[in-house]
Each structure stands twice: as C-alpha cells, then as structure tokens.
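Beneath this line is the structure, given in structure tokens, with notes to follow.
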Amino acid sequence: MTQPRPPQLSLKDSYRALTPAERSLWRYPIMWAAALAFLFIPITYVGVYLMSVWDPAGNLDQLPAALVNLDQGTVSRGKTVNVGRDLVKELRDDPPVNFRTYPSVAAAQQAVRDGDVYFALTIPADFSQKAVAGSSSQHGLLQLYRAPGLNYYASTVADRVAGTIATNLNATLGENRWDVVQTSLKDVQDGFADIRDATGKLADGAQSLTDGTRKLNTGAGDLQTGAGKLAGGADKLADGAGTLSGGVTRLTGGVTQLSSGLRQLEQAAPGKQQLQPLRDGAAKLTAGATSLSGGLNKLAAGGDQLAAGAGKLNAGAAQVAGGNAQLATQLPQLAGGLGELNKGAQQLSGGAAQLRSGVASGLKPAVDGAAQLQAGAQKLSGGLGQARAGAQKAADGAGQLAAGLPKLGASLGQLQTGAQTLASGAGQLSTAVKGTPAAPGAANLQTGATQLAGGLGQAQAAAQTAGSGAQALATQLPGLVSGLGDLQTGANQLQAGADKLQAGLTSGSKSLQDGAAQVQSGAQKLVQGAASAQAGAQKAVTGAQQLAQGSKQVQTGAQSLQSGAKSLADNTRKAAQGAQSLAGGAKDLQAGVNTLADGNEKIKGALGQITSNLPAQKDLNSLNSGGKTLASSARQLADGAASLQDGTRTLKNGTGDLLSGAQKLTDGLNELHDKIPADIEQLGGDPTGLAESVQVRTTNFADVPNNGNAFAPYFIALALWVGATMTTFIFPYLLLPESGRQSRQAARVARKLTQPLLLVLGQALIVVLGVRLMGVQFGNPAQVVLTTVAGSVTFLLVILALNLLIGPAGRILALVLLIVQLAASGGSYPVELSSPFFQALHTFIPVTDVINALRHAMFGAFEGQYWTFMGRMGAVALVSLTVALLSRRRWVYTEDTNFRSPIITDVG
C-alpha cells in the first residue's frame with residue numbers, strides 16, 4: 001500500500017530545514033582554511049599578473065642587445081667625419097637598452113641565436129661615406145638582426161630603438177648640411193651684388209642711347225608727317241582742281257540745257273483757262289454723288305415698306321392656308337356622312353315598304369315604328385338644315401377667294417417687273433461706280449433686287465395655282481348646297497309622312513296605308529337627294545385640296561417676297577453708305593483739283609522768274625577755261641610733294657630701326673638688373689625645426705599612467721570569475737540532506753547561495769582594496785566597488801545555474817567559459833583584431849560588461865554607457881537565477897550526518 005506523500009514545506013520553513021546541514025559544513029577546520037585561502041585567490045591572481053606587466057617600458061635599459069661598429073669614416077669639405085664613432089659614444093652616454101659591444105657581425109648574430117641578447121645592431125664600414133653624401137641612390141644603412149621567435153615584444157623594441165637612432169642621425173646630418181648651405185649662400189650673395197651693380201650702369205647708358213634715338217625718331221616722324229600731309233594736300237588739290245574743271249564744264253553745259261528746258265516747260269504748263277473745266281467737272285461729280293446717296297436712302301425706306309407689306313401678305317396667306325386646311329379636312333367627313341345618310345335613306349325606304357305591307361299584320365308594332373320614324377325624321381331635317389347653311393357659307397367664301405386671287409397674281413407680276421428693272425439699274429450703277437467706295441454698296445443693291453424679283457415670281461405662280469383651286473371650289477360648292485336642299489326637302493316629306501303614319505294608326509288601315517305610301521315616297525326622294533349631295537361633296541373635297549395646295553404656295557411665295565424685300569432694303573442701305581463715301585471722296589477730289597490748279601499756276605510763274613535770272617553763255621565759257629588752267633597747275637604741285645614724302649619715309653624707317661635696337665638693349669639690361677636679387681634671402685628656421693616641421697599634439701581621454709593600470713579591469717574580471725568558480729570546490733551545490741527533501745526549490749537555491757555569496761563578496765572587496773594599494777587609479781571608487789560586487793554576484797549565479805542545470809559538468813563548463821572569455825572579452829587587445837567568432841561572442845559574455853564597467857569607473861572610458869553595462873549584467877544574473885529555479889532534477893540526497901564539503905567527500 002502506497003504511503004501518502006507528506007505535504008511540502010513553506011518557503012520560510014524550507015529555508016530553516018536546510019540551514020542546520022549547511023552550517024554543519026563549518027565543523028571541519030579544513031573548511032575554514034579553504035575558505036580563508038579562497039578569499040585571497042582573486043587578489044593573488046590579479047597581483048601576480050599586474051606585477052608582471054606593470055611597466056615593461058620603464059626597464060628597457062636592462063634589455064641586453066649587441067652593438068658592432070665597423071665604420072671607417074670619410075672626408076667631407078676637408079674635414080674627417082666618423083658618424084659611427086659619434087653614434088657609439090652617444091649610445092654609451094644615454095643607452096636606450098643594455099648594449100654589449102661585439103668585435104664582428106658574426107659574433108653578434110651568434111649571440112642572438114644563442115639567446116644571450118635579443119637583437120644585434122651593426123654599423124657598416126661605409127656608413128659615414130654614404131650617410132654624409134646624402135644621395136637618394138645610396139643611403140647609410142644600419143643593419144638590425146633580431147629574432148621575433150625568441151621574444152616578440154623584444155623584437156618590437158628593437159624596431160623602435162633602430163628607428164629612433166636613424167631619426168636622430170638624420171637630424172644631426174641635417175644640421176651639418178645646414179651650416180654648409182649657409183656658408184655657400186653668403187658667397188653667392190656677394191657675387192650677385194657685384195653683378196647687379198655692373199648691370200645697373202650698363203642699363204643707365206643704354207637708357208641714354210634710347211632717349212637720344214627716340215628724339216631723332218620723333219623729329220623724323222614729324223618731318224615725314226608734314227611731308228605726307230603736304231603730298232596728300234597737293235594730291236587732293238590736283239584731284240579737286242581736275243574735278244572742279246570737269247564740274248565747271250558740265251555745269252556750263254547743264255546750265256545751257258536747263259535754260260532751254262525751263263523755257264519749254266514754262267510754255268507747256270497749263271494756265272487758268274485750261275484748268276477751269278477740271279474744276280467744274282469735280283464740282284458736278286460731288287453734286288451727283290450727294291444726289292445718289294439721297295436716292296438710295298429713299299429706296300432703302302421703300303424696301304422696308306415692301307418687306308412690311310410682304311409680312312402682312314405672309315400672315316394672310318397663312319390664315320387662308322389654315323382655313324383651307326380645315327375645309328379640306330371637314331369636307332371628306334361631310335362626304336362620308338352623306339354616304340351614310342344615303343344608306344340610311346335606302347334602309348328607311350325599305351322599312352317604309354315593309355311598314356306598308358305589314359300594316360295588316362298588327363298595329364301595335366306599327367305604332368312604335370311610326371313614333372321612332374317620326375323622331376328620326378325630325379333630327380335628320382334639323383341636321384340637314386345646318387349642313388346646308390355651312391355649305392352655303394363655304395361657297396360664298398370660295399367665290400370671294402376665286403375673285404381676289406387673280407388680282408393678287410396681277411399685282412405680284414407688276415412687282416416682279418419693277419424688281420427686275422431695279423436689278424438692271426443696280427447693275428448699271430455697279431458698273432459706273434466700279435473702283436470707288438460706292439462699288440460694294442451698288443453690288444449689294446444689285447444682289448438684293450435680283451433676289452426680290454425671284455421671290456415675286458414664286459409668289460405670282462403660287463397665286464395662280466391658288467386661284468385655279470378656288471375657282472374649282474366655287475364652281476362645285478353650289479351643287480353641294482343644292483343636294484343638301486333636296487335632302488332637306490325629302491327629310492321634310494319623310495317627317496310629314498311619319499306624322500300622318502303615327503296619326504293614321506289610330507284612324508284605320510286605309511289612312512295607315514296612305515301614310516306608309518307617303519313615307520315610302522319621301523324616303524325614295526331622300527335617297528335621290530343624298531346621292532346628289534354625296535357627289536357634290538366629293539367634288540368639293542377635290543377643289544378644297546387644290547385650294548389648300550395653292551394657299552401653301554402663296555404662303556411660300558409671300559415668305560420669299562418678305563426675305564427678298566428685307567435683303568433689298570439692307571443692300572440698298574449699304575449702297576447708300578457707299579454713295580455717301582463716294583460723295584465725301586468727290587468733295588476731297590474737288591479740293592485736290594483746286595489745289596492742283598493753284599499750284600500749277602504758281603509753278604508757271606516761278607519758271608518765268610528762273611529763266612530770266614540764268615547767266616549768259618559768254619560768262620559760262622570764261623568759267624570753263626579758268627577751271628582747266630587751275631587743274632594743270634595743281635597736278636605739278638602734287639608731283640613735287642610726293643618726292644619729298646618718299647625721302648622723309650626712308651629717314652623715318654632708319655631712325656625707327658635704331659630706336660627699336662636701343663629699346664631692346666635697355667629692356668634687356670633692365671630685366672637683367674631686376675632679376676639679379678638685391679639681397680639673397682636667408683634660410684629661415686633651424687635644422688631641428690626643419691627636420692620636425694610637423695609634430696603630433698596628443699590629447700588623451702580616459703588616460704592611464706602605465707600598462708598595469710590599463711590591464712587592471714581585465715585581470716580583476718577574470719580573477720572574480722576564478723574566485724566564483726573556486727566556490728564549487730568547497731560548497732556542495734547539488735547535495736541536500738534528507739531533512740530537506742520536502743523543501744521548496746526557491747528555498748534550496750537561496751540556501752545554496754547564502755554562504756558562497758558571502759565568500760565572493762569578501763573576494764570582491766579584498767580585490768578592490770588590493771589593486772588600490774598597488775597604485776591603480778580609481779576615478780569613481782563607489783562605482784568600482786559596485787561593479788566588482790555586482791560582477792561577483794553575477795558570476796556566482798551563472799556558475800550555480802550551470803551546476804544545477806548539467807550537474808558536476810557545470811564546474812568544467814565554467815572553466816571552459818573562463819578560457820573563451822579570455823579571448824572574446826577584448827581585455828588585452830581590441831576585440832576587432834580577433835577572429836569573427838570571438839567578435840560575435842564579445843557582446844553576450846558577462847566578463848565583457850564587467851571589464852567595460854570597470855574601465856568607466858576607473859578611467860572614465862565608455863562615457864554615458866555605465867548603466868547599460870550594469871543593466872546587461874543584471875539581465876544575465878536574472879536569467880541565471882531563473883535557470884537555477886527551474887532546474888530540479890540534479891539534486892542528490894544524503895543523510896544529515898553524511899552532509900559534508902566536496903573537499904572532504906566526492907559527493908556534491
């Protein structure tokens with residue numbers, strides 16, 4: 001039978017249940033000794049490493065190195081120089097390392113191979129010769145022999161020492177060359193001063209020669225200019241005299257011809273009597289144009305009246321067309337009604353015969369039929385009376401229309417003849433005023449008159465057609481009236497017979513038969529009248545249709561007449577405007593003609609005065625002879641001036657060449673004098689300044705005094721990890737007493753952390769105190785303490801989680817993580833110089849955050865990022881604690897009496 005599982009203890013009770021067993025660990029003295037030793041393991045780790053790398057550069061004078069001097073020296077500018085000897089003396093006075101002298105290159109290199117020294121520096125035999133020469137094709141070569149495999153840091157020191165020696169030697173050689181250059185520069189300055197004085201004197205003499213030559217050249221130029229002006233003036237005088245002689249000859253001949261022509265022009269110019277008809281014609285043209293404008297305005301007014309009358313005609317034709325349309329519509333209905341009436345009369349005649357034959361059969365049906373016959377006969381008689389009256393009115397109207405339409409056609413014919421005459425007159429007017437401002441108006445008048453004649457022709461033809469239809473209608477409508485009269489008579493007889501029939505039904509069969517016979521006779525006459533009226537009505541329908549068609553044509557013609565009349569009025573008005581423009585132009589023409597006549601009279605008088613003042617022929621001949629004599633003398637003067645100009649040109653060219661040569665000599669000497677420096681500029685600066693013209697000024701941030709301070713954060717973080725890992729050797733992280741089997745997981749984790757936590761906190765405080773006593777600077781001591789404590793707690797939680805998660809292998813994994821973090825934390829070299837694998841791990845390992853936080857707290861590095869590092873450490877600690885709380889399967893239970901430290905038993 002399964003025993004019930006005891007209830008689980010509370011968190012507080014679980015912690016108390018585990019406490020006795022955990023405290024029993026300290027009953028063994030070895031536990032106290034181990035814990036005390038573990039407290040100082042981290043500071044021992046840090047102290048040993050920091051002392052080994054504290055300040056290696058400060059003890060370089062103890063580093064052994066070999067020195068061999070084979071330099072034989074050289075002679076430079078009469079002096080003996082031995083750079084190698086001077087270098088050895090300087091190295092003895094201020095040795096950068098512990099140089100040991102060797103007799104040969106082989107001995108020194110063998111000492112390096114044997115490990116007696118770390119490197120060998122050899123000064124070759126030709127060192128002074130090549131170094132002093134300063135040629136780029138050869139250099140003084142210091143020979144360095146080193147063994148990086150022996151010690152890499154010593155090899156870098158060898159490079160640094162050799163480079164410093166070469167730099168110092170270059171500076172010394174530069175100073176020597178500077179002194180030589182300064183001495184040579186002084187000699188060159190004295191020589192340039194003498195040359196400058198001599199060239200100054202030569203330049204002064206050349207300037208005097210140039211000035212004299214310039215004056216000679218100026219006089220020759222002035223002489224040449226005067227001779228040129230004289231030659232040019234004489235030549236121009238000769239040309240002008242020749243031109244004057246020819247002009248005088250042409251002038252005398254032209255004056256003679258002008259005199260003859262002016263006299264002929266004076267005689268041919270019209271006088272006042274010849275110009276008077278032109279004045280009168282212009283006046284008549286002005287009056288005629290004014291009259292034409294007034295007549296065309298009256299014609300336009302008449303065209304407006306004609307258009308208004310045509311509008312009224314169009315309205316009347318429309319009314320006639322409407323009445324004819326109604327008549328043509330109603331007459332077919334009347335013919336149809338008369339046809340129905342004819343059929344009814346025939347039926348009535350047949351009924352009367354049947355009535356007559358059936359009197360003997362019975363009186364009662366006869367009495368009823370007679371009453372109905374009487375009522376029908378009365379209605380028929382009344383309707384026929386109204387139809388006869390309407391037909392009579394239509395006949396009267398058709399007669400009046402037939403009488404009036406021929407008169408309308410005659411009037412339209414007269415209007416058409418007048419419009420044709422107007423069109424012909426407008427054509428003649430257009431031809432007469434062609435090319436004048438009135439021409440467009442006359443053309444518009446002719447177009448309007450032509451359109452009016454065409455519209456009147458169409459209206460006349462339509463009136464004739466309408467007259468024919470009205471005449472036929474007037475002829476046929478009386479027959480319709482007559483037929484309707486016969487119908488009315490037959491209807492009256494029918495009504496009388498019906499009355500007698502109804503009255504005789506009560507008196508006897510004899511009277512009944514007589515009434516029936518009278519009814520039958522009236523019905524037969526009614527049939528005959530209805531047939532006659534129907535035939536007349538059909539003829540009236542045909543005439544009414546012709547009349548309607550003619551009325552439409554009349555309406556169309558009236559519309560065309562109205563359109564033509566409007567066009568005539570518009571075009572006539574435009575012609576009137578053109579006539580007004582013509583009248584204005586005629587007035588302007590008249591004024592111009594008057595001005596022309598007046599001017600012509602004045603020209604005739606002026607020509608008379610001109611011809612009377614022209615010189616005589618004798619005076620013109622004398623003037624022609626004098627011009628020829630002047631031209632001959634001027635030509636002789638021009639030839640002499642040309643000879644003088646050629647001589648002065650030759651003189652000018654010679655002095656110009658002389659002046660050019662003198663000027664070039666002066667310019668060359670002046671240029672030489674200017675280019676020779678008056679004072680040779682001294683070289684500025686000094687050899688040291690020129691050799692170190694560029695220097696580096698360094699500003700430090702987060703500075704450290706030495707190598708030991710720089711490595712302190714790295715070694716502190718690793719020491720704290722080692723200290724946390726060492727707790728696994730004295731505390732049983734996986735061992736539980738049987739009395740705590742029912743304890744809670746949180747209480748177990750808390751109890752396992754209590755004693756190791758005190759130990760790692762003590763380790764952190766001892767490390768902080770120890771490195772401070774060693775001389776490591778603390779920029780912010782509080783942050784240094786907080787960082788080391790937080791780092792120790794974080795490392796302890798990580799190691800506890802590893803042990804609870806994977807058991808005893810967690811201790812081994814903690815050591816592996818220590819090795820990985822040595823490479824990936826960036827403590828000794830920048831992490832960017834390591835492999836990509838370690839760069840990827842750098843951000844995620846807790847040692848990195850501890851190192852960076854300590855660098856901020858000690859030196860001020862990683863400005864503004866301290867709490868970021870602390871936050872990441874807190875996240876790692878939280879994750880580790882969570883893993884520890886979730887790991888339940890690795891616990892090992894033992895009796896309370898067997899609960900011991902791992903240094904005593906291998907359990908836990």
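Every chain in the structure tokens has a letter given in the order shown (A, B, ...), and although residue numbers restart at 1 in each chain, ligands are simply numbered from 1 in the order shown.
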Query raised in the report: Hey, what's within 12 Å of segment 877-884 of chain A if we count only C-alpha atoms and toss same-chain stuff fewer than 3 positions away? As a PyMOL selection string, please?
Result: chain A and resi 733-734+745-750+752-753+790-807+845-846+870-874+887-891
Query raised in the report: What gap, in Å, lies between atom CA of Thr19 of chain A and atom CA of Pro42 of chain A?
Result: 27.8 Å
Report task. List the neighbours of Asp619 of chain A out to 12 Å using only C-alpha atoms; skip same-chain residues closer than 2 positions along the sequence, and give me the result as an MDAnalysis selection string. Result -> chainID A and resid 248 251:252 255:256 614:617 621:626
Report summary line: Between atom CA of Gln777 of chain A and atom CA of Phe40 of chain A lies a distance of 21.0 Å
Query raised in the report: In segment 111-252 of chain A, what's strand (DSSP E) per DSSP? Answer as a ChimeraX atom specification?
Result: /A:119-123,143-146
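Distance-wise, atom CA of Gly668 of chain A and atom CA of Asp197 of chain A end up 15.1 Å apart.
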**Report entry** Backbone-only DSSP, alpha helix (DSSP H) members of segment 691-804 of chain A, as a ChimeraX atom specification
**Finding:** /A:691,707-726,745-773,781-804
Requested in this report: List the neighbours of Asn670 of chain A out to 8 Å using only C-alpha atoms; skip same-chain residues closer than 2 positions along the sequence, and give me the result as a ChimeraX atom specification.
Outcome: /A:199-200,203,666-668,672-674
Can you write out the residues you just picked, keeping N, CA, C and O atoms, as a CSV table (one decimal), in the first residue's frame?
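File written: selection08.csv
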```csv
chain,number,residue,atom,x,y,z
A,199,THR,N,75.4,95.7,-64.1
A,199,THR,CA,74.2,95.7,-65.0
A,199,THR,C,73.4,97.0,-64.8
A,199,THR,O,72.8,97.5,-65.7
A,200,GLY,N,73.4,97.6,-63.6
A,200,GLY,CA,72.8,98.9,-63.4
A,200,GLY,C,73.4,100.0,-64.2
A,200,GLY,O,72.7,100.8,-64.8
A,203,ALA,N,72.7,99.6,-67.9
A,203,ALA,CA,71.3,99.9,-68.2
A,203,ALA,C,71.1,101.4,-68.2
A,203,ALA,O,70.4,102.0,-69.1
A,666,THR,N,68.1,98.4,-73.8
A,666,THR,CA,67.7,99.0,-72.5
A,666,THR,C,66.8,98.0,-71.7
A,666,THR,O,67.0,97.8,-70.5
A,667,ASP,N,65.8,97.4,-72.4
A,667,ASP,CA,64.9,96.5,-71.7
A,667,ASP,C,65.6,95.2,-71.2
A,667,ASP,O,65.3,94.8,-70.1
A,668,GLY,N,66.6,94.7,-72.1
A,668,GLY,CA,67.3,93.5,-71.6
A,668,GLY,C,68.1,93.8,-70.4
A,668,GLY,O,68.2,93.0,-69.5
A,672,LEU,N,67.7,92.2,-66.7
A,672,LEU,CA,68.8,91.5,-66.1
A,672,LEU,C,69.0,92.1,-64.7
A,672,LEU,O,69.2,91.4,-63.7
A,673,HIS,N,68.9,93.4,-64.6
A,673,HIS,CA,69.2,94.1,-63.3
A,673,HIS,C,68.1,93.8,-62.3
A,673,HIS,O,68.3,93.6,-61.1
A,674,ASP,N,66.8,93.7,-62.8
A,674,ASP,CA,65.7,93.4,-61.9
A,674,ASP,C,65.8,91.9,-61.4
A,674,ASP,O,65.4,91.6,-60.3
```
